[in-house]
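Text of final.txt (compact mmCIF, C-alpha atoms) as supplied:
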# COMPACT_ATOMS: atom_id res chain seq x y z
CA MET A 298 48.82 51.42 -71.00
CA ASN A 299 49.01 53.02 -67.54
CA GLN A 300 46.79 50.25 -66.17
CA VAL A 301 49.10 47.59 -67.63
CA ILE A 302 52.17 49.27 -66.14
CA ALA A 303 50.42 49.62 -62.77
CA THR A 304 49.41 45.92 -62.76
CA THR A 305 52.96 44.89 -63.71
CA VAL A 306 54.59 47.01 -61.00
CA GLU A 307 52.02 45.97 -58.39
CA LEU A 308 52.49 42.30 -59.23
CA ALA A 309 56.28 42.59 -59.07
CA GLY A 310 56.15 44.60 -55.83
CA VAL A 311 53.74 42.30 -54.02
CA THR A 312 55.65 39.22 -55.21
CA THR A 313 58.95 40.70 -54.04
CA VAL A 314 57.68 41.55 -50.55
CA LEU A 315 55.92 38.20 -50.07
CA LEU A 316 58.82 36.18 -51.45
CA LEU A 317 61.33 37.89 -49.16
CA LEU A 318 59.09 36.96 -46.23
CA ILE A 319 58.68 33.35 -47.42
CA ALA A 320 62.22 32.75 -48.69
CA THR A 321 64.09 34.21 -45.71
CA PRO A 322 63.25 31.48 -43.17
CA LEU A 323 63.60 28.80 -45.86
CA ALA A 324 67.03 30.09 -46.93
CA TRP A 325 68.12 30.41 -43.29
CA TRP A 326 67.15 26.81 -42.63
CA LEU A 327 68.93 25.63 -45.79
CA ALA A 328 72.05 27.55 -44.78
CA ARG A 329 72.16 26.35 -41.17
CA SER A 330 70.59 22.91 -41.11
CA ARG A 331 72.80 19.83 -41.02
CA ARG A 332 70.06 17.43 -42.11
CA TRP A 333 71.04 15.43 -45.16
CA TRP A 334 67.65 15.82 -46.80
CA LYS A 335 67.82 19.61 -46.88
CA GLU A 336 69.25 19.40 -50.41
CA ILE A 337 66.05 17.66 -51.50
CA VAL A 338 64.13 20.70 -50.24
CA ALA A 339 66.68 22.97 -51.95
CA ALA A 340 66.20 21.10 -55.23
CA VAL A 341 62.41 21.45 -55.00
CA ALA A 342 62.79 25.18 -54.31
CA ALA A 343 65.11 25.49 -57.33
CA LEU A 344 62.83 23.55 -59.71
CA PRO A 345 61.31 26.70 -61.30
CA LEU A 346 64.78 27.50 -62.66
CA VAL A 347 64.61 24.56 -65.03
CA LEU A 348 60.88 23.88 -65.44
CA PRO A 349 59.13 25.41 -68.45
CA PRO A 350 57.00 28.34 -67.22
CA THR A 351 53.99 26.77 -68.90
CA VAL A 352 54.37 23.70 -66.68
CA ILE A 353 54.37 25.87 -63.54
CA GLY A 354 51.49 27.90 -64.94
CA PHE A 355 49.54 24.77 -65.80
CA TYR A 356 49.77 23.28 -62.31
CA VAL A 357 49.07 26.61 -60.59
CA LEU A 358 46.05 27.04 -62.87
CA ILE A 359 44.77 23.59 -61.90
CA ALA A 360 45.39 24.31 -58.20
CA LEU A 361 43.53 27.60 -58.38
CA GLY A 362 40.61 26.31 -60.47
CA PRO A 363 37.14 25.81 -58.96
CA ALA A 364 37.45 22.00 -58.81
CA SER A 365 40.76 21.91 -56.91
CA PRO A 366 40.99 20.74 -53.27
CA LEU A 367 42.54 24.09 -52.35
CA MET A 368 39.58 26.04 -53.70
CA THR A 369 37.18 23.61 -52.06
CA LEU A 370 38.70 24.60 -48.74
CA LEU A 371 38.15 28.26 -49.60
CA HIS A 372 34.51 27.85 -50.70
CA PRO A 373 33.15 28.64 -47.19
CA PHE A 374 34.92 32.00 -47.43
CA GLY A 375 33.22 32.84 -50.70
CA VAL A 376 36.23 32.11 -52.90
CA ARG A 377 35.39 29.81 -55.82
CA THR A 378 38.47 30.30 -58.00
CA LEU A 379 41.62 32.37 -58.15
CA ALA A 380 42.37 31.54 -61.78
CA PHE A 381 42.46 34.64 -64.01
CA THR A 382 42.65 36.96 -60.99
CA PHE A 383 45.41 39.22 -59.70
CA GLU A 384 45.73 37.05 -56.59
CA GLY A 385 46.24 34.04 -58.83
CA LEU A 386 48.97 35.91 -60.70
CA VAL A 387 50.73 36.63 -57.40
CA ILE A 388 50.59 32.95 -56.39
CA GLY A 389 51.97 31.86 -59.76
CA SER A 390 54.72 34.47 -59.54
CA LEU A 391 55.68 33.30 -56.06
CA PHE A 392 56.40 29.80 -57.37
CA TYR A 393 58.07 31.07 -60.54
CA SER A 394 60.47 33.46 -58.77
CA LEU A 395 61.09 31.42 -55.60
CA PRO A 396 64.65 30.34 -56.54
CA PHE A 397 65.61 33.92 -57.33
CA ALA A 398 64.98 34.76 -53.69
CA VAL A 399 66.17 31.56 -52.02
CA GLN A 400 69.51 31.18 -53.79
CA PRO A 401 71.05 34.60 -53.03
CA LEU A 402 69.68 34.55 -49.49
CA ARG A 403 71.04 31.08 -48.79
CA THR A 404 74.46 32.03 -50.15
CA ALA A 405 74.46 35.21 -48.07
CA PHE A 406 73.45 33.39 -44.89
CA GLU A 407 76.13 30.75 -45.46
CA GLY A 408 78.65 33.58 -45.82
CA VAL A 409 77.80 34.92 -42.36
CA GLY A 410 79.60 31.95 -40.76
CA ASP A 411 79.42 30.71 -37.18
CA ARG A 412 81.73 33.20 -35.47
CA PRO A 413 79.53 36.33 -35.38
CA LEU A 414 76.50 34.29 -34.29
CA GLU A 415 78.48 32.62 -31.52
CA LEU A 416 79.80 35.96 -30.31
CA ALA A 417 76.29 37.37 -30.24
CA ALA A 418 75.16 34.33 -28.23
CA THR A 419 77.86 34.93 -25.62
CA MET A 420 76.65 38.53 -25.44
CA GLY A 421 73.20 37.34 -24.42
CA ALA A 422 71.44 37.27 -27.78
CA GLY A 423 68.89 34.47 -28.17
CA PRO A 424 68.30 32.62 -31.46
CA PHE A 425 65.84 35.09 -33.01
CA ASP A 426 67.81 38.06 -31.70
CA ARG A 427 70.96 36.67 -33.36
CA PHE A 428 69.10 36.13 -36.60
CA ALA A 429 67.60 39.64 -36.66
CA THR A 430 70.57 41.63 -35.39
CA VAL A 431 73.52 39.68 -36.82
CA ALA A 432 72.53 37.35 -39.64
CA VAL A 433 70.16 39.72 -41.47
CA PRO A 434 72.48 42.76 -41.41
CA LEU A 435 75.47 40.66 -42.48
CA ALA A 436 73.41 39.12 -45.29
CA ARG A 437 72.12 42.49 -46.55
CA ARG A 438 73.74 42.01 -49.95
CA GLY A 439 71.78 38.81 -50.35
CA PHE A 440 68.53 40.62 -49.53
CA LEU A 441 69.32 43.33 -52.06
CA SER A 442 70.15 40.76 -54.75
CA ALA A 443 67.03 38.75 -53.98
CA ALA A 444 64.76 41.81 -54.08
CA VAL A 445 66.13 43.13 -57.37
CA LEU A 446 66.21 39.73 -59.07
CA VAL A 447 62.68 38.80 -57.98
CA PHE A 448 61.27 42.17 -59.01
CA ALA A 449 62.99 42.16 -62.41
CA HIS A 450 62.22 38.49 -63.01
CA THR A 451 58.54 39.02 -62.19
CA VAL A 452 58.33 42.02 -64.50
CA GLY A 453 59.77 39.84 -67.26
CA GLU A 454 57.71 36.68 -66.71
CA PHE A 455 55.40 35.61 -69.49
CA GLY A 456 54.43 31.95 -69.57
CA VAL A 457 53.13 31.74 -66.02
CA VAL A 458 51.17 35.01 -66.12
CA LEU A 459 49.59 34.08 -69.44
CA MET A 460 48.57 30.65 -68.18
CA VAL A 461 47.31 31.77 -64.76
CA GLY A 462 46.09 35.27 -65.62
CA GLY A 463 45.06 34.95 -69.24
CA GLY A 464 46.23 38.49 -70.03
CA ILE A 465 42.77 39.95 -69.40
CA PRO A 466 42.92 43.72 -70.16
CA GLY A 467 42.34 45.81 -67.05
CA ARG A 468 42.66 42.81 -64.72
CA THR A 469 45.57 40.51 -65.34
CA GLU A 470 47.31 41.98 -68.35
CA VAL A 471 50.95 42.85 -67.73
CA LEU A 472 53.63 44.30 -70.02
CA SER A 473 54.92 40.98 -71.28
CA THR A 474 51.46 39.70 -72.22
CA ARG A 475 50.63 43.10 -73.78
CA ILE A 476 53.62 42.68 -76.11
CA TYR A 477 52.28 39.28 -77.10
CA SER A 478 48.81 40.57 -77.89
CA LEU A 479 50.25 43.56 -79.78
CA VAL A 480 52.38 41.27 -81.93
CA GLU A 481 49.37 39.04 -82.56
CA SER A 482 47.50 42.07 -83.86
CA MET A 483 50.53 43.17 -85.96
CA GLN A 484 51.17 46.37 -83.95
CA PHE A 485 54.94 46.00 -84.06
CA GLY A 486 55.74 49.66 -83.33
CA VAL A 487 54.08 49.73 -79.91
CA ALA A 488 55.34 46.25 -79.13
CA HIS A 489 58.87 47.38 -79.97
CA ARG A 490 58.64 50.38 -77.63
CA ILE A 491 57.46 48.25 -74.69
CA ALA A 492 60.05 45.55 -75.41
CA ALA A 493 62.84 48.15 -75.59
CA ALA A 494 61.64 49.67 -72.32
CA LEU A 495 61.78 46.25 -70.65
CA VAL A 496 65.32 45.70 -71.95
CA ALA A 497 66.32 49.11 -70.55
CA PHE A 498 64.62 48.34 -67.22
CA ALA A 499 66.39 44.99 -66.91
CA PHE A 500 69.76 46.57 -67.70
CA VAL A 501 69.28 49.43 -65.22
CA ALA A 502 68.10 47.03 -62.49
CA LEU A 503 71.12 44.75 -62.90
CA LEU A 504 73.60 47.62 -63.23
CA GLY A 505 72.10 49.28 -60.15
CA LEU A 506 72.36 45.99 -58.26
CA LEU A 507 76.03 45.58 -59.15
CA LEU A 508 76.89 49.18 -58.23
CA VAL A 509 75.00 49.19 -54.93
CA ASP A 510 76.25 45.70 -54.09
CA ARG A 511 79.83 46.88 -54.55
CA ARG A 512 79.21 49.99 -52.48
CA ILE A 513 77.66 48.26 -49.46
CA GLY A 514 80.41 45.65 -49.55
CA LEU A 515 83.10 48.25 -48.93
CA PRO A 516 84.19 48.75 -45.31
CA ARG A 517 83.22 52.04 -43.74
CA PRO A 518 85.86 54.40 -42.35
CA MET B 249 82.85 28.83 -4.73
CA THR B 250 84.29 26.89 -7.63
CA ILE B 251 84.27 26.22 -11.33
CA ALA B 252 83.99 22.46 -11.77
CA VAL B 253 84.41 20.94 -15.21
CA THR B 254 84.24 17.33 -16.34
CA LEU B 255 84.23 16.68 -20.07
CA ILE B 256 84.57 13.46 -22.03
CA ALA B 257 84.36 13.62 -25.79
CA CYS B 258 85.68 12.25 -29.00
CA VAL B 259 86.09 15.66 -30.65
CA THR B 260 87.63 14.41 -33.88
CA ASP B 261 88.95 11.08 -35.12
CA ALA B 262 92.39 12.10 -33.86
CA PHE B 263 91.49 13.98 -30.70
CA ALA B 264 89.68 12.83 -27.57
CA LEU B 265 88.98 14.95 -24.52
CA ASP B 266 88.91 13.41 -21.06
CA ILE B 267 89.34 16.06 -18.44
CA ALA B 268 88.19 16.97 -14.96
CA PHE B 269 89.29 19.98 -12.96
CA GLU B 270 88.01 22.26 -10.25
CA VAL B 271 89.32 25.76 -9.69
CA PRO B 272 88.22 28.66 -7.48
CA SER B 273 85.74 31.01 -9.13
CA ALA B 274 87.92 33.99 -8.37
CA GLY B 275 91.05 35.49 -9.89
CA VAL B 276 92.73 34.34 -13.06
CA THR B 277 93.13 30.65 -13.89
CA ALA B 278 95.30 29.84 -16.86
CA LEU B 279 94.59 26.87 -19.09
CA LEU B 280 98.09 26.17 -20.29
CA GLY B 281 99.17 23.69 -22.90
CA PRO B 282 100.55 23.17 -26.38
CA SER B 283 98.47 23.42 -29.53
CA GLY B 284 95.98 20.57 -29.70
CA ALA B 285 95.85 20.14 -25.92
CA GLY B 286 92.13 20.90 -25.82
CA LYS B 287 92.26 24.39 -24.29
CA THR B 288 89.92 26.04 -26.77
CA THR B 289 87.61 23.02 -26.70
CA VAL B 290 87.21 23.44 -22.95
CA LEU B 291 86.61 27.16 -23.29
CA ARG B 292 83.96 26.69 -25.99
CA ALA B 293 82.23 24.08 -23.86
CA LEU B 294 82.22 26.49 -20.92
CA ALA B 295 80.67 29.17 -23.15
CA GLY B 296 78.04 26.67 -24.30
CA LEU B 297 79.14 26.93 -27.92
CA ASP B 298 79.86 23.19 -28.16
CA ARG B 299 78.27 20.40 -26.18
CA TYR B 300 80.10 17.31 -25.02
CA ASP B 301 79.30 14.67 -22.43
CA GLY B 302 80.10 15.83 -18.93
CA THR B 303 79.20 18.41 -16.33
CA ILE B 304 79.93 22.09 -15.91
CA ILE B 305 79.02 23.62 -12.56
CA ILE B 306 79.71 27.26 -11.76
CA ASP B 307 79.28 28.32 -8.13
CA GLY B 308 76.83 25.48 -7.58
CA GLU B 309 74.76 26.35 -10.64
CA VAL B 310 74.61 23.54 -13.17
CA TRP B 311 75.31 24.81 -16.69
CA GLN B 312 75.50 21.32 -18.09
CA ASP B 313 74.93 17.77 -16.96
CA ALA B 314 73.25 14.66 -18.37
CA THR B 315 69.82 16.30 -18.44
CA ARG B 316 70.45 20.05 -18.52
CA PHE B 317 72.19 22.36 -20.92
CA VAL B 318 72.06 26.10 -20.36
CA PRO B 319 72.31 27.76 -23.81
CA PRO B 320 75.15 30.23 -24.35
CA HIS B 321 72.94 33.33 -24.27
CA ARG B 322 71.82 32.46 -20.73
CA ARG B 323 75.27 31.75 -19.28
CA ARG B 324 76.45 35.35 -18.90
CA VAL B 325 79.99 34.71 -20.02
CA GLY B 326 82.32 37.25 -21.56
CA TYR B 327 84.14 35.60 -24.45
CA VAL B 328 87.28 36.94 -26.06
CA ALA B 329 88.06 34.62 -28.95
CA GLN B 330 91.36 34.21 -30.69
CA GLY B 331 91.71 36.40 -33.77
CA GLY B 332 88.63 38.59 -33.72
CA SER B 333 85.77 38.82 -31.30
CA LEU B 334 83.78 41.68 -32.74
CA LEU B 335 80.63 41.88 -34.81
CA PRO B 336 81.91 43.07 -38.19
CA HIS B 337 78.84 45.09 -39.18
CA LEU B 338 78.88 47.29 -36.07
CA THR B 339 81.24 50.04 -35.05
CA VAL B 340 83.26 49.75 -31.86
CA ALA B 341 80.56 51.73 -30.04
CA GLY B 342 77.93 49.51 -31.62
CA ASN B 343 79.71 46.39 -30.39
CA LEU B 344 79.85 47.76 -26.85
CA ASP B 345 76.18 48.76 -27.00
CA TYR B 346 75.20 45.33 -28.33
CA ALA B 347 76.58 43.69 -25.19
CA THR B 348 75.35 46.41 -22.84
CA ARG B 349 71.76 46.27 -24.07
CA ARG B 350 71.55 42.55 -23.36
CA ALA B 351 73.27 42.65 -19.98
CA ARG B 352 71.85 42.65 -16.49
CA ALA B 353 72.86 45.34 -14.04
CA GLY B 354 76.47 44.95 -12.98
CA PRO B 355 79.61 46.65 -11.80
CA PHE B 356 81.08 47.62 -15.17
CA ARG B 357 80.27 51.06 -16.54
CA ARG B 358 80.65 51.66 -20.25
CA ASP B 359 82.65 54.86 -19.91
CA ASP B 360 85.02 53.32 -17.38
CA LEU B 361 85.67 50.34 -19.63
CA ILE B 362 86.34 52.60 -22.60
CA GLU B 363 88.82 54.59 -20.55
CA ARG B 364 90.51 51.57 -18.94
CA THR B 365 91.03 49.81 -22.25
CA GLY B 366 92.09 53.03 -24.02
CA ILE B 367 89.66 52.79 -26.90
CA VAL B 368 87.93 56.18 -26.74
CA HIS B 369 89.46 57.24 -30.09
CA LEU B 370 88.22 54.05 -31.77
CA LEU B 371 84.50 54.27 -31.01
CA ASP B 372 83.40 55.25 -34.53
CA ARG B 373 85.55 52.71 -36.35
CA VAL B 374 84.40 49.38 -37.77
CA PRO B 375 86.39 46.26 -36.77
CA ALA B 376 87.93 45.98 -40.25
CA ARG B 377 89.75 49.27 -39.58
CA LEU B 378 91.30 48.19 -36.27
CA SER B 379 94.76 46.75 -35.71
CA SER B 380 94.92 43.35 -33.98
CA GLY B 381 95.87 45.00 -30.67
CA GLU B 382 93.07 47.55 -30.92
CA ALA B 383 90.57 44.84 -31.79
CA GLN B 384 91.54 42.82 -28.71
CA ARG B 385 91.21 45.87 -26.45
CA VAL B 386 87.74 46.49 -27.83
CA ALA B 387 86.90 42.79 -27.46
CA ILE B 388 87.88 42.89 -23.79
CA ALA B 389 85.79 46.02 -23.17
CA ARG B 390 82.92 44.42 -25.08
CA ALA B 391 83.16 41.20 -23.08
CA LEU B 392 83.04 43.09 -19.77
CA SER B 393 80.17 45.32 -21.00
CA GLY B 394 77.98 42.24 -20.82
CA GLN B 395 78.50 42.15 -17.02
CA PRO B 396 79.76 38.54 -17.17
CA ARG B 397 79.95 36.22 -14.20
CA LEU B 398 82.84 34.44 -15.94
CA LEU B 399 85.35 35.86 -18.41
CA LEU B 400 86.76 33.42 -20.98
CA MET B 401 89.82 34.51 -22.94
CA ASP B 402 91.28 32.41 -25.74
CA GLU B 403 94.89 33.42 -26.39
CA PRO B 404 94.10 37.14 -26.48
CA LEU B 405 97.74 38.01 -27.16
CA ALA B 406 98.18 35.65 -30.10
CA ASN B 407 98.75 37.27 -33.49
CA LEU B 408 99.98 40.52 -31.91
CA ASP B 409 103.39 42.06 -32.61
CA VAL B 410 105.84 42.33 -29.72
CA ALA B 411 105.02 45.95 -28.88
CA ALA B 412 101.25 45.43 -28.90
CA ARG B 413 101.65 42.22 -26.94
CA THR B 414 103.73 43.86 -24.21
CA GLN B 415 101.33 46.79 -23.99
CA LEU B 416 98.19 44.65 -23.82
CA LEU B 417 99.73 42.23 -21.32
CA ALA B 418 100.47 45.13 -18.97
CA ALA B 419 96.93 46.43 -19.44
CA LEU B 420 95.51 42.99 -18.65
CA VAL B 421 97.58 42.68 -15.47
CA ASP B 422 96.17 46.02 -14.28
CA LEU B 423 92.65 45.13 -15.35
CA PHE B 424 92.61 41.73 -13.67
CA ALA B 425 93.84 43.31 -10.43
CA GLU B 426 90.80 45.59 -10.43
CA ILE B 427 87.90 43.36 -11.49
CA ALA B 428 86.14 40.77 -9.36
CA VAL B 429 85.12 38.51 -12.24
CA PRO B 430 86.79 35.07 -12.42
CA VAL B 431 88.85 34.64 -15.57
CA LEU B 432 89.77 31.49 -17.48
CA TYR B 433 92.71 32.44 -19.65
CA VAL B 434 93.89 30.11 -22.40
CA THR B 435 97.50 30.35 -23.50
CA HIS B 436 100.44 28.22 -24.53
CA ASP B 437 102.93 30.77 -23.20
CA ALA B 438 104.25 30.04 -19.69
CA ALA B 439 105.68 33.58 -19.43
CA GLU B 440 102.17 35.02 -19.81
CA VAL B 441 100.92 32.73 -17.08
CA GLU B 442 103.62 33.97 -14.68
CA ARG B 443 102.49 37.56 -15.17
CA ILE B 444 98.77 36.97 -15.11
CA ALA B 445 97.48 33.83 -13.45
CA ALA B 446 96.97 32.83 -9.82
CA ARG B 447 96.36 29.19 -10.77
CA THR B 448 97.34 27.03 -13.70
CA VAL B 449 95.61 24.01 -15.16
CA ASN B 450 98.06 22.24 -17.45
CA LEU B 451 96.52 20.38 -20.35
CA CYS B 452 98.17 17.98 -22.74
CA ALA B 453 96.55 15.88 -25.45
CA GLY B 454 93.07 16.33 -24.02
CA ARG B 455 93.97 15.50 -20.43
CA VAL B 456 94.72 17.48 -17.28
CA VAL B 457 98.37 17.07 -16.35
CA SER B 458 98.35 19.33 -13.29
CA ASN B 459 96.18 21.83 -11.47
CA VAL B 460 98.36 24.04 -9.30
CA ILE B 461 98.59 27.45 -7.69
CA ALA B 462 100.92 29.55 -9.79
CA VAL B 463 104.27 30.40 -8.26
Can the structure in the file be given as structure tokens, please?
Amino acid sequence: MNQVIATTVELAGVTTVLLLLIATPLAWWLARSRRWWKEIVAAVAALPLVLPPTVIGFYVLIALGPASPLMTLLHPFGVRTLAFTFEGLVIGSLFYSLPFAVQPLRTAFEGVGDRPLELAATMGAGPFDRFATVAVPLARRGFLSAAVLVFAHTVGEFGVVLMVGGGIPGRTEVLSTRIYSLVESMQFGVAHRIAAALVAFAFVALLGLLLVDRRIGLPRP
Amino acid sequence: MTIAVTLIACVTDAFALDIAFEVPSAGVTALLGPSGAGKTTVLRALAGLDRYDGTIIIDGEVWQDATRFVPPHRRRVGYVAQGGSLLPHLTVAGNLDYATRRARAGPFRRDDLIERTGIVHLLDRVPARLSSGEAQRVAIARALSGQPRLLLMDEPLANLDVAARTQLLAALVDLFAEIAVPVLYVTHDAAEVERIAARTVNLCAGRVVSNVIAV
């Protein structure tokens, strides 16, 4: 069980860190760009919200399989497939949880407004300086929301990790797929304990988010 | 040495700007006019925050023409905007430091500015906890902390009560007498101009009506 918990936490942690790095520039561009077609990009980034996880898992599985163009490119580096590996799970999770990072970050960046960025510019701050020292601090609630939502969502994902990882014990099995295999083998007691723990985790994560979000939104003395 | 501005723009469907003026790059020049005259538009163009067709030349250095546009962070302007010119996530001290860290060497010392603007007791506060008058004092200190070569002020006394307005106006008169930085001061109040400005550029409906030495 410890191995399953460790894999779950590691997957959620790696996904959260990578998604914050990937989603931040994307959300910033969506918040600031005036190009009409940005909403097409936004819709693509939001697709995992409405797509069945098995659809995402299916396409990621195909893309990470040995016959895919992507894997062909990686053959010279000794990589033949990422299907049913931890790395494959991370890639699947990145797609699956992308909107949970992009949406709160975009909303937070839009809330920053033009004024603080303009003031920073008149104080000598260049574009990246303004982003790092004004936009990011003012959007900190968005970063907190994105981090908590992505982590919790990744812990709770099932369809994608089953499709891409296969729930292989000791390698790609996570808590959600363990519940599935326990139920298949009629071990309802253990399954119930894990399921209840996931409910408790989700509740604590969301409650913590709301409480911290409220606290950092209050003005300091 | 002069500040030369020529701007032609259709800013909105209802407002077009067609102005040209040249003023000395010394002392205080007021941009005077009613609401909608184009005063703030000119100031934002000078700061590089908006770009319109035209030229802006400061002491022979082209900030904007048909081929060049110096971005705002390279113009070294101090900008005091109407209704709040502070970074909301930083304390007063943090706002001053933000400008100081990005400034070149210059004549303004942080401690002197804090003392002159009377904000020493406000250093640990965040902008949300400042009155309008206090916020404008901090904004002025912050603008000068950046060692600007041009100070742009957009109705700094607007939204202040009578007492705060009188107090800050007196402080500005003293401050402007001491500093060597040219100031472009936007207002719609002729009484303010009398107290503060050496020259007045009158604007109306996006055009320059007059450009005169103040009496």
Inset, instruction - Take the point (86.4, 14.9, -13.5) in the file's coordinates, draw a sphere of radius 9 Å around it, and report as a VMD selection string every protein, DNA or RNA residue with an atom inside or on it, counting only C-alpha atoms. - result: chain B and resid 252 to 256 266 to 270 302 to 303
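In terms of minimum interatomic distance to B:Ser333, A:Glu415 ranks closest within A:Glu415, A:Asp510, A:Glu454, A:Glu481, counting all atoms listed in the file.
Among the candidates B:Ala411, B:Val431, B:Leu405, B:Ala453, the residue lying nearest to B:Gly331 is B:Leu405 (atoms considered: all atoms listed in the file).
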Inset, instruction - Would you kindly report the residues of chain B within 9 Å of chain A, using all atoms listed in the file, as a VMD selection string? - result: chain B and resid 295 to 297 319 to 329 332 to 337 346 to 348 350 to 351 372 to 374 376 to 377 390 to 391 393 to 394 396
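Every protein, DNA or RNA residue with an atom at most 9 Å from B:Pro404, where all atoms listed in the file count and chain neighbours fewer than 5 positions away do not, is listed here: B:Val328, B:Ala329, B:Gln330, B:Gly331, B:Gln384, B:Ile388, B:Leu416, B:Tyr433, B:Val434, B:Thr435.
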Legend entry - Between atom CA of A:Gly354 and atom CA of A:Leu323, distance in Å (one decimal): 22.6 Å
Inset, instruction - Take atom CA of A:Pro396 and atom CA of A:Ala494 and report the distance between them in Å, one decimal. - result: 25.1 Å
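You will find atom CA of B:Gly454 at 23.9 Å from atom CA of B:Gly275.
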Legend entry - Nearby residues (all atoms listed in the file) at most 6 Å from stretch 384-390 of chain A, same-chain spacing under 6 positions excluded, as a PyMOL selection string: chain A and resi 312+458+462
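Shown here are all protein and nucleic acid residues lying within 12 Å of (44.5, 24.8, -54.6), with all atoms listed in the file considered: A:Tyr356, A:Val357, A:Leu358, A:Ile359, A:Ala360, A:Leu361, A:Gly362, A:Pro363, A:Ala364, A:Ser365, A:Pro366, A:Leu367, A:Met368, A:Thr369, A:Leu370, A:Leu371, A:His372, A:Val376, A:Arg377, A:Thr378, A:Leu379, A:Ala380, A:Gly385, A:Ile388, A:Gly389.
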Legend entry - Residues near stretch 497-503 of chain A, cut-off 9 Å, only C-alpha atoms, skip fewer than 5 positions along chain, as an NGL selection string: :A and (445-446 or 449-450 or 452-453 or 492 or 508)
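Of the listed residues (A:Val399, A:Leu391, A:Thr404, A:Glu307), A:Val399 comes nearest to A:Val338; the distances count only C-alpha atoms.
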Shell of 7 Å around B:His436, all atoms listed in the file, local chain residues under 2 positions omitted, as a PDB file with C-alpha atoms, keeping the file's coordinate frame:
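Output below, filename part.pdb:
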ATOM      1  CA  LEU B 280      98.090  26.170 -20.290  1.00  0.00           C
ATOM      2  CA  GLY B 281      99.170  23.690 -22.900  1.00  0.00           C
ATOM      3  CA  PRO B 282     100.550  23.170 -26.380  1.00  0.00           C
ATOM      4  CA  ALA B 438     104.250  30.040 -19.690  1.00  0.00           C
TER       5      ALA B 438
END
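Distance annotation: of B:Arg364, B:Arg413, B:Arg443, B:Arg397, the residue with the minimal separation from B:Glu426 is B:Arg364; atom set is all atoms listed in the file.
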Legend entry - Close residues, A:Val301 itself excluded, 6 Å, all atoms listed in the file, min 2 positions apart in chain, as a VMD selection string: chain A and resid 298 to 299 303 to 304 470 to 471
Can you write just those residues out, C-alpha atoms, as an mmCIF file, in the frame of the given file?
data_model
loop_
_atom_site.group_PDB
_atom_site.id
_atom_site.type_symbol
_atom_site.label_atom_id
_atom_site.label_comp_id
_atom_site.auth_asym_id
_atom_site.auth_seq_id
_atom_site.Cartn_x
_atom_site.Cartn_y
_atom_site.Cartn_z
ATOM 1 C CA MET A 298 48.820 51.420 -71.000
ATOM 2 C CA ASN A 299 49.010 53.020 -67.540
ATOM 3 C CA ALA A 303 50.420 49.620 -62.770
ATOM 4 C CA THR A 304 49.410 45.920 -62.760
ATOM 5 C CA GLU A 470 47.310 41.980 -68.350
ATOM 6 C CA VAL A 471 50.950 42.850 -67.730
#
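Using all atoms listed in the file, the smallest distance between any of A:Phe448, A:Phe381, A:Phe392, A:Phe428 and A:Arg468 comes from A:Phe381.
The residue that comes closest to A:Thr469, out of A:Asp411, A:Leu308, A:Lys335, A:Arg438 and on the basis of all atoms listed in the file, is A:Leu308.
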